[in-house]
Structures are given as structure tokens and as C-alpha cells.
file input.cif (mmCIF, C-alpha atoms)
data_input
#
loop_
_atom_site.label_atom_id
_atom_site.label_comp_id
_atom_site.auth_asym_id
_atom_site.auth_seq_id
_atom_site.Cartn_x
_atom_site.Cartn_y
_atom_site.Cartn_z
CA MET A 1 133.32 -12.17 -75.22
CA ALA A 2 131.25 -14.72 -77.15
CA TYR A 3 128.10 -14.02 -79.15
CA ILE A 4 125.37 -16.63 -79.70
CA THR A 5 121.64 -16.60 -80.41
CA LEU A 6 118.80 -17.49 -78.09
CA PRO A 7 118.11 -20.89 -79.77
CA THR A 8 121.74 -21.86 -79.19
CA PHE A 9 121.59 -20.93 -75.51
CA VAL A 10 118.34 -22.84 -75.03
CA GLY A 11 119.71 -25.84 -76.93
CA TYR A 12 122.80 -25.86 -74.73
CA SER A 13 120.71 -25.72 -71.57
CA ALA A 14 118.60 -28.65 -72.75
CA SER A 15 121.68 -30.84 -73.24
CA THR A 16 123.21 -32.81 -70.39
CA GLY A 17 126.45 -34.46 -69.36
CA PRO A 18 129.23 -34.96 -71.94
CA SER A 19 126.85 -34.05 -74.77
CA ARG A 20 127.11 -30.43 -73.63
CA SER A 21 130.75 -30.27 -74.65
CA SER A 22 130.09 -31.71 -78.12
CA PHE A 23 127.07 -29.39 -78.54
CA VAL A 24 129.18 -26.30 -77.84
CA ARG A 25 131.96 -27.54 -80.11
CA ARG A 26 129.50 -28.02 -82.99
CA GLN A 27 127.96 -24.61 -82.37
CA ARG A 28 131.31 -22.84 -82.33
CA ARG A 29 132.14 -24.35 -85.72
CA LEU A 30 128.79 -23.17 -87.07
CA TYR A 31 129.31 -19.64 -85.79
CA GLU A 32 132.77 -19.54 -87.32
CA ASP A 33 131.38 -20.74 -90.69
CA PRO A 34 130.16 -17.64 -92.58
CA ALA A 35 127.57 -19.70 -94.49
CA ARG A 36 125.68 -20.65 -91.32
CA ALA A 37 123.23 -22.65 -93.41
CA ALA A 38 122.12 -24.80 -90.50
CA PHE A 39 120.77 -21.76 -88.69
CA ASN A 40 118.01 -21.30 -91.28
CA TYR A 41 116.28 -24.68 -91.11
CA TYR A 42 113.00 -23.35 -89.67
CA ARG A 43 113.04 -19.90 -91.25
CA ARG A 44 110.48 -20.88 -93.89
CA ALA A 45 108.16 -22.21 -91.21
CA ALA A 46 108.46 -18.98 -89.22
CA ASN A 47 107.79 -16.92 -92.35
CA ALA A 48 104.69 -18.99 -93.15
CA VAL A 49 103.33 -18.60 -89.62
CA ARG A 50 103.92 -14.86 -89.75
CA SER A 51 102.47 -14.29 -93.23
CA GLY A 52 99.44 -16.44 -92.46
CA ARG A 53 98.69 -14.50 -89.30
CA ALA A 54 99.21 -11.15 -91.04
CA ALA A 55 96.61 -12.03 -93.69
CA ASN A 56 94.36 -14.03 -91.33
CA GLN A 57 94.95 -16.91 -93.75
CA ASP A 58 96.89 -19.27 -91.49
CA GLU A 59 95.73 -22.52 -93.05
CA VAL A 60 96.41 -21.31 -96.60
CA ALA A 61 99.95 -20.15 -95.75
CA LEU A 62 100.82 -23.36 -93.92
CA ARG A 63 99.37 -25.59 -96.64
CA ALA A 64 101.60 -23.80 -99.15
CA LEU A 65 104.61 -24.37 -96.86
CA VAL A 66 103.93 -28.10 -96.64
CA ASN A 67 103.16 -28.51 -100.36
CA ALA A 68 106.43 -26.83 -101.35
CA ALA A 69 108.56 -28.95 -98.99
CA ASP A 70 110.81 -31.81 -100.11
CA GLU A 71 110.29 -35.35 -98.80
CA LYS A 72 112.75 -34.91 -95.95
CA THR A 73 111.28 -31.64 -94.71
CA LYS A 74 107.58 -32.31 -95.36
CA PRO A 75 106.88 -34.36 -92.18
CA HIS A 76 108.43 -31.62 -90.03
CA TYR A 77 106.49 -28.83 -91.72
CA SER A 78 103.30 -30.88 -91.53
CA ALA A 79 103.73 -31.30 -87.76
CA ILE A 80 104.45 -27.59 -87.39
CA ALA A 81 101.39 -26.64 -89.45
CA GLU A 82 99.13 -28.95 -87.47
CA GLY A 83 100.50 -27.69 -84.14
CA TRP A 84 100.19 -24.00 -85.01
CA LEU A 85 96.61 -24.36 -86.23
CA ARG A 86 95.75 -26.32 -83.09
CA TYR A 87 97.36 -23.61 -80.96
CA LEU A 88 95.35 -20.88 -82.67
CA GLY A 89 92.05 -22.74 -82.38
CA ARG A 90 89.56 -19.92 -81.93
CA ARG A 91 92.30 -17.44 -81.08
CA SER A 92 92.98 -14.67 -83.55
CA PRO A 93 95.92 -12.67 -82.15
CA ARG A 94 97.01 -9.68 -84.20
CA LEU A 95 100.60 -9.09 -85.24
CA VAL A 96 102.60 -6.25 -83.72
CA GLU A 97 106.09 -5.13 -84.68
CA VAL A 98 109.00 -6.53 -82.69
CA GLY A 99 112.64 -5.58 -82.89
CA ARG A 100 115.89 -7.28 -82.00
CA GLY A 101 117.87 -7.05 -78.81
CA ARG A 102 120.68 -8.57 -76.81
CA CYS A 103 121.01 -10.01 -73.35
CA ARG A 104 124.46 -9.93 -71.77
CA LEU A 105 125.40 -12.45 -69.10
CA GLY A 106 128.97 -11.77 -68.07
CA ASP A 107 131.11 -12.32 -71.17
CA LEU A 108 128.32 -14.06 -73.05
CA GLU A 109 126.09 -11.99 -75.30
CA ILE A 110 122.85 -13.55 -76.52
CA GLY A 111 121.07 -12.25 -79.61
CA VAL A 112 117.31 -12.15 -79.12
CA SER A 113 115.10 -12.09 -82.25
CA PRO A 114 111.53 -13.23 -81.54
CA GLN A 115 109.76 -14.38 -84.69
CA LEU A 116 106.47 -12.71 -83.80
CA GLY A 117 104.88 -9.91 -81.88
CA LEU A 118 101.32 -10.84 -80.89
CA ARG A 119 98.49 -8.78 -79.43
CA LYS A 120 95.92 -11.00 -77.75
CA SER A 121 92.23 -10.22 -77.40
CA ASP A 122 92.78 -8.65 -73.97
CA GLY A 123 95.14 -6.09 -75.52
CA ARG A 124 98.33 -7.48 -73.98
CA ARG A 125 101.33 -7.55 -76.32
CA TYR A 126 103.84 -10.38 -76.44
CA ALA A 127 107.30 -10.78 -77.92
CA THR A 128 106.88 -14.38 -79.02
CA TRP A 129 109.60 -16.96 -79.56
CA LEU A 130 108.50 -20.00 -81.53
CA TYR A 131 110.08 -23.38 -80.81
CA PHE A 132 109.79 -25.67 -83.85
CA LYS A 133 111.96 -28.70 -83.06
CA GLU A 134 110.84 -32.32 -82.96
CA GLU A 135 112.05 -32.81 -79.37
CA PRO A 136 109.54 -31.41 -76.86
CA LEU A 137 110.57 -28.19 -75.15
CA SER A 138 111.05 -28.75 -71.44
CA LYS A 139 109.54 -26.34 -68.94
CA ALA A 140 113.01 -25.36 -67.69
CA SER A 141 114.23 -24.55 -71.22
CA ALA A 142 111.08 -22.57 -71.93
CA GLN A 143 111.55 -20.58 -68.73
CA LEU A 144 115.16 -19.83 -69.61
CA ALA A 145 114.08 -18.54 -73.03
CA LEU A 146 111.38 -16.41 -71.40
CA TRP A 147 113.85 -14.93 -68.93
CA VAL A 148 116.30 -13.99 -71.68
CA LEU A 149 113.46 -12.49 -73.74
CA GLU A 150 112.50 -10.34 -70.77
CA GLN A 151 116.03 -8.99 -70.39
CA ALA A 152 115.91 -7.73 -73.99
CA MET A 153 112.31 -6.50 -73.84
CA PRO A 154 113.13 -2.75 -73.79
CA ASP A 155 114.64 -3.16 -77.26
CA ILE A 156 112.33 -5.76 -78.78
CA LEU A 157 108.89 -4.66 -77.49
CA PRO A 158 108.86 -1.87 -74.87
CA ASP A 159 106.29 -2.60 -72.13
CA GLY A 160 105.58 -5.96 -73.75
CA GLU A 161 105.60 -9.42 -72.20
CA ALA A 162 107.46 -12.60 -73.11
CA LEU A 163 105.76 -15.63 -74.61
CA VAL A 164 107.23 -18.95 -75.77
CA ILE A 165 105.22 -21.40 -77.87
CA ASP A 166 106.23 -25.02 -78.47
CA VAL A 167 104.54 -25.05 -81.86
CA ARG A 168 104.32 -28.79 -82.56
CA ARG A 169 102.70 -29.40 -79.18
CA ALA A 170 100.55 -26.22 -79.34
CA LYS A 171 101.73 -25.28 -75.87
CA GLU A 172 102.52 -21.81 -74.56
CA TYR A 173 104.69 -20.73 -71.64
CA GLN A 174 104.90 -17.55 -69.55
CA LEU A 175 106.81 -16.58 -66.42
CA SER A 176 105.51 -15.83 -62.94
CA ALA A 177 107.19 -13.37 -60.55
CA ARG A 178 108.45 -16.33 -58.52
CA ASP A 179 110.05 -17.86 -61.63
CA ARG A 180 112.00 -14.66 -62.37
CA GLU A 181 113.80 -14.57 -59.04
CA ARG A 182 114.72 -18.22 -59.26
CA LEU A 183 115.92 -18.05 -62.86
CA ARG A 184 118.40 -15.17 -62.59
CA PRO A 185 121.22 -17.08 -60.82
CA TRP A 186 120.60 -20.19 -62.91
CA ALA A 187 120.83 -18.26 -66.20
CA ARG A 188 124.11 -16.71 -65.08
CA SER A 189 125.54 -20.08 -64.09
CA GLU A 190 124.51 -21.59 -67.44
CA ALA A 191 126.22 -18.72 -69.26
CA SER A 192 129.41 -19.21 -67.26
CA ALA A 193 129.46 -22.96 -67.94
CA PHE A 194 128.80 -22.36 -71.64
CA LEU A 195 131.77 -19.98 -71.88
CA THR A 196 134.06 -22.50 -70.23
CA LEU A 197 133.19 -25.08 -72.88
CA TRP A 198 133.29 -22.48 -75.68
CA ASP A 199 136.84 -21.49 -74.77
CA ALA A 200 137.88 -25.14 -74.75
CA ALA A 201 136.16 -25.98 -78.06
#
call {"tool": "encode", "arguments": {"input": "input.cif", "output": "C-alpha cells"}}
result
Amino acid sequence: MAYITLPTFVGYSASTGPSRSSFVRRQRRLYEDPARAAFNYYRRAANAVRSGRAANQDEVALRALVNAADEKTKPHYSAIAEGWLRYLGRRSPRLVEVGRGRCRLGDLEIGVSPQLGLRKSDGRRYATWLYFKEEPLSKASAQLALWVLEQAMPDILPDGEALVIDVRRAKEYQLSARDRERLRPWARSEASAFLTLWDAA
């Protein structure tokens, strides 16, 4: 049995060829390092997004995030701030509480911790996973994240829906019924391939 988080599973799926093996090897070392400092790179950005939405002061919270950043981090936080404000536009979704859950695929267990719960103007509630990285999120990777989120939905937001937002590009993703049927065997095959490389790492 191996335990990883949703960002790790999505990152693995986005990699190709021999880079998959080196990705899994790096991740295993991180998981075995109790410090796990690399896991927290975007935590401040997620906290700023959440606090800004809670107070309906998104621009203020994100400006503070950018102003407090060092020279290396500032361009990334600036792009995140710009993307999130562009995504919101005239939207004003309200925060709802979300929990944590797990999705088990064979001997791989994936921890699912969406950064936000959002209630849109139509009343629908979404467990929302925010993607912050510089590389654009592919549609396939977004769909995989959505599928995993849905498997954990009873624990994270009962009767809720899954939403993924590529923050820098202000782009949201959701699943259709057709997507769900197609994704199940693919997610299982990705988990099996991941475990093979994990055991060899």
C-alpha cells in the first residue's frame, strides 16, 4: 500500500516517457522526508485565495500575498493573483466547509484535500481543487483530478460536485457523465503503473 496526495497523482499523470520514473523516484524521497517542505510551496497562495473570498476582499488579500513575497516567488504569486481575480470577474461564490477524504485505487491510496468549498449563485456546491503551477493544466489531468475528487465526495462535501480551476489561466473544469465512464479504467491503470514505479524507486 502506498499513500500519496492528489497533486502527486495528477503530476504523475501529466508526465510522460522516462520522466515518469524520475518523477516517482523524486516523490518517494519527498514522502519519506518528514520535513516535506516542497509540499507547501503554494500553501500561502491557497490561504490568500480562501481568506480573500471569506471576507469578500479578494484583491486586498492577494495584493498582500504578492507584496510579502520574495523576488523568486513574487512573479508566481503575481500570476496567481491576476488569474484568480480574472476568474472571479463578476462572480462572487460563497465559501462552504469542505473536509478531507481518500480515494483508493487498488493498493494506491490518494489523499484528497480540496482547498475550497464554493457555493455558486445557482446554489450548487463544489469541492474545489486549485491548480497553481506555471505549466498549463491539460484537460486530461483536470479530468483525472475531478474523477478522484468525486470518489472522495461523500467525505469532503456530501451531495456536492467536483470543480477544478487552473488559477493562472482562470479556467474551470467539470465532468460530464460520459467522462466518468471513460475515466474509471484509465484512473485504475494510472494507479497500477504508478505503483510499479514506486516499488522500483
call {"tool": "residues_around", "arguments": {"input": "input.cif", "residues": "Asp107 (chain A)", "least_positions_apart": "6", "cutoff": "9 Å", "atoms": "all atoms listed in the file", "output": "ChimeraX atom specification"}}
result
/A:1-3,191-192,195
call {"tool": "resolve_selection", "arguments": {"input": "input.cif", "expression": "the PyMOL selection byres ((chain A and resi 23) around 12)", "output": "count of residues only"}}
result
26
call {"tool": "resolve_selection", "arguments": {"input": "input.cif", "expression": "the PyMOL selection byres ((chain A and resi 126) around 7)", "output": "MDAnalysis selection string"}}
result
chainID A and resid 117:119 124:125 127:128 160:163
call {"tool": "closest_residue", "arguments": {"input": "input.cif", "among": "A:Thr196, A:Ser51, A:Gln174, A:Ser189", "to": "Leu146 (chain A)", "atoms": "all atoms listed in the file"}}
result
A:Gln174
call {"tool": "resolve_selection", "arguments": {"input": "input.cif", "expression": "the PyMOL selection byres ((chain A and resi 110) around 10)", "output": "ChimeraX atom specification"}}
result
/A:2-9,101-105,107-109,111-113,148-149,152,191
call {"tool": "write_last_selection", "arguments": {"input": "input.cif", "atoms": "C-alpha atoms", "output": "PDB file, in the coordinates of the input"}}
result
ATOM      1  CA  ALA A   2     131.250 -14.720 -77.150  1.00  0.00           C
ATOM      2  CA  TYR A   3     128.100 -14.020 -79.150  1.00  0.00           C
ATOM      3  CA  ILE A   4     125.370 -16.630 -79.700  1.00  0.00           C
ATOM      4  CA  THR A   5     121.640 -16.600 -80.410  1.00  0.00           C
ATOM      5  CA  LEU A   6     118.800 -17.490 -78.090  1.00  0.00           C
ATOM      6  CA  PRO A   7     118.110 -20.890 -79.770  1.00  0.00           C
ATOM      7  CA  THR A   8     121.740 -21.860 -79.190  1.00  0.00           C
ATOM      8  CA  PHE A   9     121.590 -20.930 -75.510  1.00  0.00           C
ATOM      9  CA  GLY A 101     117.870  -7.050 -78.810  1.00  0.00           C
ATOM     10  CA  ARG A 102     120.680  -8.570 -76.810  1.00  0.00           C
ATOM     11  CA  CYS A 103     121.010 -10.010 -73.350  1.00  0.00           C
ATOM     12  CA  ARG A 104     124.460  -9.930 -71.770  1.00  0.00           C
ATOM     13  CA  LEU A 105     125.400 -12.450 -69.100  1.00  0.00           C
ATOM     14  CA  ASP A 107     131.110 -12.320 -71.170  1.00  0.00           C
ATOM     15  CA  LEU A 108     128.320 -14.060 -73.050  1.00  0.00           C
ATOM     16  CA  GLU A 109     126.090 -11.990 -75.300  1.00  0.00           C
ATOM     17  CA  GLY A 111     121.070 -12.250 -79.610  1.00  0.00           C
ATOM     18  CA  VAL A 112     117.310 -12.150 -79.120  1.00  0.00           C
ATOM     19  CA  SER A 113     115.100 -12.090 -82.250  1.00  0.00           C
ATOM     20  CA  VAL A 148     116.300 -13.990 -71.680  1.00  0.00           C
ATOM     21  CA  LEU A 149     113.460 -12.490 -73.740  1.00  0.00           C
ATOM     22  CA  ALA A 152     115.910  -7.730 -73.990  1.00  0.00           C
ATOM     23  CA  ALA A 191     126.220 -18.720 -69.260  1.00  0.00           C
TER      24      ALA A 191
END
call {"tool": "atom_distance", "arguments": {"input": "input.cif", "atom1": "CA of Arg50 (chain A)", "atom2": "CA of Asp33 (chain A)"}}
result
28.1 Å
call {"tool": "atom_distance", "arguments": {"input": "input.cif", "atom1": "CA of Leu137 (chain A)", "atom2": "CA of Ala55 (chain A)"}}
result
28.3 Å
call {"tool": "residues_near_point", "arguments": {"input": "input.cif", "point": "(101.3, -23.1, -85.0)", "cutoff": "10 Å", "atoms": "only C-alpha atoms", "output": "PDB file with C-alpha atoms, in the frame of the given file"}}
result
ATOM      1  CA  ALA A  45     108.160 -22.210 -91.210  1.00  0.00           C
ATOM      2  CA  ALA A  46     108.460 -18.980 -89.220  1.00  0.00           C
ATOM      3  CA  ALA A  48     104.690 -18.990 -93.150  1.00  0.00           C
ATOM      4  CA  VAL A  49     103.330 -18.600 -89.620  1.00  0.00           C
ATOM      5  CA  ARG A  50     103.920 -14.860 -89.750  1.00  0.00           C
ATOM      6  CA  ARG A  53      98.690 -14.500 -89.300  1.00  0.00           C
ATOM      7  CA  ASP A  58      96.890 -19.270 -91.490  1.00  0.00           C
ATOM      8  CA  GLU A  59      95.730 -22.520 -93.050  1.00  0.00           C
ATOM      9  CA  LEU A  62     100.820 -23.360 -93.920  1.00  0.00           C
ATOM     10  CA  ALA A  79     103.730 -31.300 -87.760  1.00  0.00           C
ATOM     11  CA  ILE A  80     104.450 -27.590 -87.390  1.00  0.00           C
ATOM     12  CA  ALA A  81     101.390 -26.640 -89.450  1.00  0.00           C
ATOM     13  CA  GLU A  82      99.130 -28.950 -87.470  1.00  0.00           C
ATOM     14  CA  GLY A  83     100.500 -27.690 -84.140  1.00  0.00           C
ATOM     15  CA  TRP A  84     100.190 -24.000 -85.010  1.00  0.00           C
ATOM     16  CA  LEU A  85      96.610 -24.360 -86.230  1.00  0.00           C
ATOM     17  CA  ARG A  86      95.750 -26.320 -83.090  1.00  0.00           C
ATOM     18  CA  TYR A  87      97.360 -23.610 -80.960  1.00  0.00           C
ATOM     19  CA  LEU A  88      95.350 -20.880 -82.670  1.00  0.00           C
ATOM     20  CA  GLY A  89      92.050 -22.740 -82.380  1.00  0.00           C
ATOM     21  CA  LEU A 130     108.500 -20.000 -81.530  1.00  0.00           C
ATOM     22  CA  TYR A 131     110.080 -23.380 -80.810  1.00  0.00           C
ATOM     23  CA  PHE A 132     109.790 -25.670 -83.850  1.00  0.00           C
ATOM     24  CA  ILE A 165     105.220 -21.400 -77.870  1.00  0.00           C
ATOM     25  CA  ASP A 166     106.230 -25.020 -78.470  1.00  0.00           C
ATOM     26  CA  VAL A 167     104.540 -25.050 -81.860  1.00  0.00           C
ATOM     27  CA  ARG A 168     104.320 -28.790 -82.560  1.00  0.00           C
ATOM     28  CA  ARG A 169     102.700 -29.400 -79.180  1.00  0.00           C
ATOM     29  CA  ALA A 170     100.550 -26.220 -79.340  1.00  0.00           C
ATOM     30  CA  LYS A 171     101.730 -25.280 -75.870  1.00  0.00           C
TER      31      LYS A 171
END
call {"tool": "closest_residue", "arguments": {"input": "input.cif", "among": "A:Lys72, A:Pro114, A:Met153, A:Trp147", "to": "Pro185 (chain A)", "atoms": "only C-alpha atoms"}}
result
A:Trp147
call {"tool": "closest_residue", "arguments": {"input": "input.cif", "among": "A:Ser92, A:Val98, A:Val66, A:Lys74", "to": "Asp155 (chain A)", "atoms": "only C-alpha atoms"}}
result
A:Val98
call {"tool": "closest_residue", "arguments": {"input": "input.cif", "among": "A:Gln115, A:Ser121, A:Gln151, A:Gln143", "to": "Tyr42 (chain A)", "atoms": "all atoms listed in the file"}}
result
A:Gln115
